[in-house]
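**Q** Take a look at this one; I'll ask things after.
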Amino acid sequence: MINRRLAVRHLTILAGAAALLPGCLSHSQDEQAAAYPLRHVVLSASQEKLLAEVCETLIPKTTTPGAKDLNLSLYVLKMLDDCTPTKDQQSFVAGLGQFATVATKQLGQSFEASSAAQRLAFLQRIDQQSQAFPEAVVAFYRAARQLAIDGYTGSKYFLTKQVAYELIPGRYDGYFPVSKVDLSKPHHGQPQY
Amino acid sequence: MANLNIDSIKARTFDAIVIGSGISGGWAAKELTGKGLKTLVVERGRDVKHNIDYPTTNLNPWELPHGGKVPMDVQEANPIASRCYVFKEDAMHFVVKDAEHPYVQEKPFDWIRGYQVGGKSLLWARQTQRWSKYDFEGPARDGFAVPWPIGYDDLAPWYSHVEKFAGISGNRDGLAALPDGEFMPGFPLNAVEDHFRKHLQKSHPDRHVISARCAHLSKPQPIHYEQGRVQCQNRTLCQRGCPFGGYFSSNSSTLPWAMKSGNLTLTPNQVVQAILYDEQKGRATGIRVMDTHTKATTEYYAPVLFVNAGALNTNLLLLNSTSGRFPQGLGNDSGVLGKYVAFHNYSARIFAEYEGLKDVTTDGRNPAGGGYLPRFRNVFKQETDFLRGYATSFGASRGLAQSAQGIGTDLKQQLENPKLGPWRVSAGMMGETIPKATNYVRLDPTRHDEWGMPLLSLSIAYDDNDAKMKQDFFEQFTDMFTQAGFTNIKTNDSHQAPGLDIHEMGGVRMGLDPRTSMLNKWHQLHACPNVYVTDGAAMTSTSTQNPSLTYMAFAARAVDHAVSELKKQNLKTT
C-alpha cells in the first residue's frame with residue numbers, strides 16, 4: 001500500500017491527471033497500469049465534464065491559471081474518492097446529479113452549454129441563496145468549492161508562485177516586521193505539512 | 001556435528017545484548033560498543049537507515065499524494081493510530097497500524113508505537129528537560145509510589161554526557177526546578193511568547209516562560225559533525241526523518257556511531273519472545289527471538305542484557321520470561337512487575353488570541369516549538385489540594401486569515417492575496433500522574449499474536465488527582481492569559497484516553513527495596529542483576545518533563561556500571 005502511494009509521490013497534479021482518469025478514458029494500456037483509479041466514486045464521463053466546468057467557474061483562468069490548467073477537478077475527485085467518508089461521497093455524487101437538473105431548469109440549457117457569466121451567476125445564487133436550492137445541490141456545491149480551493153492553494157503553481165512554500169527555511173526570526181512580509185517569497189505563515 | 005554446534009553457539013554469543021533500538025536502546029548500544037563490547041542489538045521492526053529510508057523527507061506539500069491527509073480507508077482501519085498527531089501521510093509509515101499489533105484495552109488506552117530501527121526516536125517531539133531534585137524527591141516527600149533510589153546528583157554527570165553528544169539547544173535559565181545542561185544556543189521566543197514571559201515576570205515571579213529545550217543542533221560542535229550531522233535547518237518536518245541529522249534520533253546518531261566502532265551487530269525483524277534464565281547459574285544467559293517473516297526461532301547469548309523494548313513492551317517481555325525460579329516473570333519476586341504504570345496527562349489545552357504586536361510576525365520556523373513553563377505548582381512544598389503539578393508548552397504564531405468568500409475572480413483574488421491573521425496562542429498541560437497498583441499491564445491469559453507473544457492487556461486510567469490538576473491548569477492559565485491581555489480565551493478538554501501523550505512509564509520500577517520494586521539504583525533487576533532495564537519501564541514516578549533525555553542518561557549510566565561489573569566478574573555467566 002505504502003509503496004504504491006510512494007510510487008506516485010513525484011507526480012505533479014498535472015501528471016496525476018492521466019492516472020486519475022477512469023480506465024475507460026485512459027489513452028493507453030500503460031496509463032491504465034499506472035493508474036490511481038477511483039475506487040469508490042463512480043461518475044459518468046459527462047458528470048466529470050460538468051465537474052470540470054464547475055471547478056473552472058469556481059477558480060477561473062485569469063491572469064493566473066484556472067481550474068482546467070491545474071486539473072483541479074481531478075484533484076477534487078481524488079480527494080473525494082480517497083479522503084472523504086462514504087456518506088459524503090454519496091451525497092456529493094447525488095448532489096452533482098441534481099445540480100445538473102436544477103441548472104438546466106434555471107438556465108434554460110445545460111450548465112456546460114451556458115456562458116461563463118451565466119455559470120457564475122448560477123453558482124453565486126447557490127452560494128448566497130442556498131435555502132432556495134435542494135439540500136443535496138448545496139452540499140455538493142460547498143464540498144466542491146472547498147476541495148477546489150484546497151486543490152488550488154495546495155498546487156505546485158500556487159505554492160511556488162503565489163504564496164511560496166519553503167522546504168528548507170534555515171532560519172527563525174520571532175520579531176519579523178510585518179512591513180517586510182512578501183508572501184510571494186518564502187515566508188512565515190505557511191501551513192506546515 | 002558437535003563442533004558445528006559449538007561454532008554456531010559461538011557465532012550467536014556476544015559480550016552484550018540490547019533489546020530494542022529506540023532512544024534508550026540506541027544509547028545502550030553506543031555506550032557498550034564504545035567500551036569495546038561486541039554488542040547485539042535486536043529490533044522487532046524493519047531496518048530504517050538514516051536518509052536512505054526516509055522516503056518522504058524531501059517532498060513538497062504538492063508532492064504528497066493527498067497533500068498530507070491520511071486516506072479514509074487507512075483512517076478507518078487505524079482508529080488508534082489516527083488519533084496520534086504524527087499519523088499523517090508524510091510519517092504514517094513509521095507508526096504501527098492497529099491491526100498489525102493488537103493489544104487488549106481493559107480500559108481505553110491509545111498505545112502509539114513505532115516498530116522499526118530507531119523506534120519512536122524518529123518521531124519524538126524532541127523536547128529535552130532534565131529532572132531536578134524536586135522531581136526525584138516527589139514520591140518520598142508526598143508519600144506515593146516508592147522513593148527513587150537515585151537523585152539528581154547521581155544522574156547529573158550522565159545528563160551532561162548524553163546532552164553533549166545528542167546536541168541540546170536551550171538557554172541557561174538558572175531555575176531550581178529545571179536544572180541547566182550542556183546547551184547550544186536556544187531557539188528564541190517570538191514577540192508574543194516574549195510578551196507573556198515579561199508579563200509573568202511581574203505578575204508571577206515564580207512562573208517562567210523559557211525557550212523550549214530541544215534536541216536540535218542550533219550550533220553543531222565537532223562531535224556532531226563527526227556523527228555526520230549538521231545544523232538544524234528549521235524545516236520542522238522532523239517526523240519524516242531529517243536528512244541533515246538536525247535533530248537527535250538513534251538512526252542519525254547513536255546507531256551509526258556504534259556501527260562505526262565495528263562492535264555492533266544489528267538484527268532487525270526479530271521479536272524477542274523471552275529472556276533465558278539459567279537456574280543453576282542464577283543469571284540470565286540470553287534471549288530467544290522469532291524472525292518476524294520466517295517465524296524461525298533463534299537463541300542469542302551474552303553475559304549482560306539491556307532491556308530497552310519501550311516501556312510497555314519491556315513489561316511484556318519480562319512478564320513472558322518465566323522459569324521455575326521466576327514463574328511470574330523475570331525478576332518478579334515482589335509481584336510488582338506490570339504495576340504502577342503511569343503517564344503524562346496531556347488532555348488539557350487552552351487557546352486565545354492577542355490583538356497587540358500587530359507590526360511583527362515570525363519568519364522561518366521554530367523547531368523548538370516555542371516556549372516552556374516548568375512546573376510551578378507544589379515544587380518546593382505542597383500548596384494545592386492535588387499532588388504534584390504540570391509543566392506547560394506555550395506557543396504563539398501568526399497564520400494567514402482564512403476567510404475567502406464567494407467564487408470566481410473574487411475568490412481567487414482573496415486566495416492570492418491573503419492577509420496575516422491575529423496572533424494566536426496556545427498552552428498545553430503536561431501533568432504528572434501518580435503511579436498506582438491499579439494502573440497495570442498484564443498478559444492476556446489466552447490470546448497471542450502471530451509471533452507467539454501473549455497480547456498485552458492494559459488497565460490504565462486517570463484519577464481524581466488528575467481531574468483536580470486539570471481544573472487548576474484551566475483556572476491558572478485563564479487568569480494568566482486574561483492578565484496578559486489575551487482575548488477569546490477557550491479551554492479545551494480533549495477527554496483523550498491515556499496513551500496519546502506517548503509517555504507511558506513504569507511497571508518495572510526502580511526502588512531501594514526488592515519487596516516493592518523491580519530494579520536497584522543501577523537499573524539491574526534486584527533478583528537477576530545481569531539484566532538492566534533503562535527505558536521508560538524503570539520510572540518510579542513520572543514528574544512532568546518529557547522523559548527521553550532521562551532514559552538516555554539512564555542507559556549511559558547503567559552501561560558504565562555494567563561494564564565495571566563485568567570487569568570485576570560480578571555478572572559473569574558463561
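Lettering and numbering for the C-alpha cells are positional, with chains as A, B, ... in the shown order, residues counted from 1 in each chain, and ligands counted from 1 in the shown order.
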Using DSSP on the backbone coordinates, identify the residues of region 3-177 of chain A assigned to alpha helix (DSSP H); present them as number ranges by chain.
**A** A: 3-7, 13-20, 29-33, 45-58, 72-83, 86-107, 116-128, 135-153, 156-157
**Q** Need to verify the contact set: Ser130 (chain A), 12 Å, only C-alpha atoms, exclusion of same-chain residues closer than 6 positions in sequence. Can you return it as a ChimeraX atom specification?
**A** /A:122-124,136-142
**Q** Using only C-alpha atoms and a cut-off of 6 Å, which residues of chain B sit close to chain A? Please list them as number ranges by chain.
**A** B: 62-65, 71-72, 190-191, 233-235, 359-366, 399-400, 407-408, 416
**Q** Quick one: everything within 7 Å of region 14-20 of chain B, counting only C-alpha atoms, minus sequence neighbours fewer than 2 positions away in the same chain. Send it as an NGL selection string.
**A** :B and (12 or 22 or 25 or 28-29 or 37-43 or 301-309)
**Q** List as a ChimeraX atom specification the protein and nucleic acid residues near Lys49 (chain B), meaning an atom at most 8 Å away when only C-alpha atoms are counted, but skip any in the same chain fewer than 5 places from it.
**A** /B:54,117,251
**Q** If you keep C-alpha atoms, can you produce a file of those selected residues as a JSON list (two decimals), in the first residue's frame?
**A**
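out.json, written as the output of this step:
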```json
[["chain", "number", "residue", "atom", "x", "y", "z"],
["B", 54, "TYR", "CA", 13.23, 8.43, 4.80],
["B", 117, "VAL", "CA", 15.07, 0.50, 13.80],
["B", 251, "ASN", "CA", 19.12, 6.46, 13.31]]
```
**Q** In terms of the shortest atom-to-atom distance over only C-alpha atoms, which of B:Pro220, B:Gly428, B:Gly181, B:Gly118 is closest to Asp53 (chain B)?
**A**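 That would be B:Gly118, the residue with the smallest distance to Asp53 (chain B).
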**Q** Which is closer to His40 (chain A) than all the others in B:Asp7, B:Val96, B:Asp73, B:Ser132, using only C-alpha atoms?
**A**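 Residue with the minimum atom-to-atom distance to His40 (chain A): B:Asp73.
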**Q** Among region 64-309 of chain B, which residues does DSSP mark as strand (DSSP E) when it is run on the backbone? Keep the chain and numbering as in the structure and answer as a PDB file with C-alpha atoms, in the first residue's frame.
**A**
```
ATOM      1  CA  VAL B 104      -6.257  -5.596  24.916  1.00  0.00           C
ATOM      2  CA  GLN B 105      -7.806  -2.477  26.441  1.00  0.00           C
ATOM      3  CA  ILE B 168      20.620  20.087  23.073  1.00  0.00           C
ATOM      4  CA  SER B 169      19.534  23.652  22.390  1.00  0.00           C
ATOM      5  CA  PHE B 183      23.448  23.719  25.820  1.00  0.00           C
ATOM      6  CA  MET B 184      23.872  25.075  22.355  1.00  0.00           C
ATOM      7  CA  ILE B 210      11.678  29.815  28.758  1.00  0.00           C
ATOM      8  CA  SER B 211      12.699  28.740  25.280  1.00  0.00           C
ATOM      9  CA  LEU B 264      27.765  -3.594  16.662  1.00  0.00           C
ATOM     10  CA  THR B 265      25.608  -6.300  15.161  1.00  0.00           C
ATOM     11  CA  LEU B 266      22.107  -5.049  14.400  1.00  0.00           C
ATOM     12  CA  THR B 267      19.365  -7.553  13.619  1.00  0.00           C
ATOM     13  CA  GLN B 270      13.452 -10.209  15.337  1.00  0.00           C
ATOM     14  CA  VAL B 271      10.880 -10.291  18.124  1.00  0.00           C
ATOM     15  CA  VAL B 272      12.357 -11.196  21.469  1.00  0.00           C
ATOM     16  CA  GLN B 273       9.989 -13.739  22.979  1.00  0.00           C
ATOM     17  CA  ALA B 274      11.791 -14.329  26.247  1.00  0.00           C
ATOM     18  CA  ILE B 275      14.915 -13.723  28.243  1.00  0.00           C
ATOM     19  CA  LEU B 276      16.550 -17.062  29.031  1.00  0.00           C
ATOM     20  CA  TYR B 277      17.299 -17.766  32.680  1.00  0.00           C
ATOM     21  CA  ASP B 278      19.737 -20.403  33.910  1.00  0.00           C
ATOM     22  CA  ARG B 283      21.678 -15.476  35.862  1.00  0.00           C
ATOM     23  CA  ALA B 284      20.079 -14.631  32.565  1.00  0.00           C
ATOM     24  CA  THR B 285      22.026 -16.201  29.728  1.00  0.00           C
ATOM     25  CA  GLY B 286      20.478 -14.776  26.596  1.00  0.00           C
ATOM     26  CA  ILE B 287      17.309 -14.369  24.601  1.00  0.00           C
ATOM     27  CA  ARG B 288      15.020 -16.332  22.323  1.00  0.00           C
ATOM     28  CA  VAL B 289      13.904 -14.442  19.247  1.00  0.00           C
ATOM     29  CA  MET B 290      11.500 -15.148  16.425  1.00  0.00           C
ATOM     30  CA  ASP B 291      12.115 -13.853  12.936  1.00  0.00           C
ATOM     31  CA  THR B 297      13.372 -19.025  16.393  1.00  0.00           C
ATOM     32  CA  THR B 298      16.987 -18.486  17.402  1.00  0.00           C
ATOM     33  CA  GLU B 299      18.785 -18.036  20.679  1.00  0.00           C
ATOM     34  CA  TYR B 300      21.480 -15.444  21.341  1.00  0.00           C
ATOM     35  CA  TYR B 301      23.714 -15.341  24.383  1.00  0.00           C
ATOM     36  CA  LEU B 305      21.448  -7.841  28.756  1.00  0.00           C
ATOM     37  CA  PHE B 306      19.903  -4.419  28.337  1.00  0.00           C
ATOM     38  CA  VAL B 307      16.127  -4.300  28.024  1.00  0.00           C
TER      39      VAL B 307
END
```
**Q** In Å, rounded to a single decimal, give me how far CA of Arg375 (chain B) is from CA of Ser426 (chain B).
**A**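 CA of Arg375 (chain B) lies 16.8 Å from CA of Ser426 (chain B).
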**Q** Excluding Glu48 (chain A) and residues on its chain fewer than 5 positions from it, collect all residues at most 12 Å away from it, counting only C-alpha atoms, and give them as a PyMOL selection string.
**A** chain A and resi 20-22+25+41-43+53-55+71-77+93+96-97+100+112
**Q** Determine, counting only C-alpha atoms, which protein, DNA and RNA residues have an atom within 10 Å of an atom of His50 (chain B); residues of the same chain fewer than 2 positions away are not included. Present the result as a list in words.
**A**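 That gives Asp47, Val48, Ile52, Asp53, Tyr54, Val117, Gly118, Leu122, Gly241, Cys242, Pro243, Phe244, Gly245, Ser249, Ser250, Asn251, Ser252, Ser253, Leu255 and Pro256 of chain B.
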**Q** Residues as selected, C-alpha atoms, written as a PDB file, in the first residue's frame, can you do that?
**A**
```pdb
ATOM      1  CA  ASP B  47      15.508  -1.575   9.290  1.00  0.00           C
ATOM      2  CA  VAL B  48      15.388   2.176   8.785  1.00  0.00           C
ATOM      3  CA  ILE B  52      18.135   6.004   2.805  1.00  0.00           C
ATOM      4  CA  ASP B  53      14.848   5.001   4.422  1.00  0.00           C
ATOM      5  CA  TYR B  54      13.228   8.435   4.801  1.00  0.00           C
ATOM      6  CA  VAL B 117      15.073   0.501  13.801  1.00  0.00           C
ATOM      7  CA  GLY B 118      15.185   3.776  15.724  1.00  0.00           C
ATOM      8  CA  LEU B 122      12.386   9.171  14.609  1.00  0.00           C
ATOM      9  CA  GLY B 241      13.463  11.682   9.367  1.00  0.00           C
ATOM     10  CA  CYS B 242      15.948  14.509   8.887  1.00  0.00           C
ATOM     11  CA  PRO B 243      18.482  14.448   6.042  1.00  0.00           C
ATOM     12  CA  PHE B 244      20.615  16.962   7.961  1.00  0.00           C
ATOM     13  CA  GLY B 245      20.569  14.968  11.178  1.00  0.00           C
ATOM     14  CA  SER B 249      17.489  10.093  16.686  1.00  0.00           C
ATOM     15  CA  SER B 250      19.010   6.640  17.101  1.00  0.00           C
ATOM     16  CA  ASN B 251      19.125   6.456  13.309  1.00  0.00           C
ATOM     17  CA  SER B 252      21.102   9.648  12.806  1.00  0.00           C
ATOM     18  CA  SER B 253      23.319   9.447  15.840  1.00  0.00           C
ATOM     19  CA  LEU B 255      23.380   3.588  15.921  1.00  0.00           C
ATOM     20  CA  PRO B 256      25.680   4.748  13.094  1.00  0.00           C
TER      21      PRO B 256
END
```
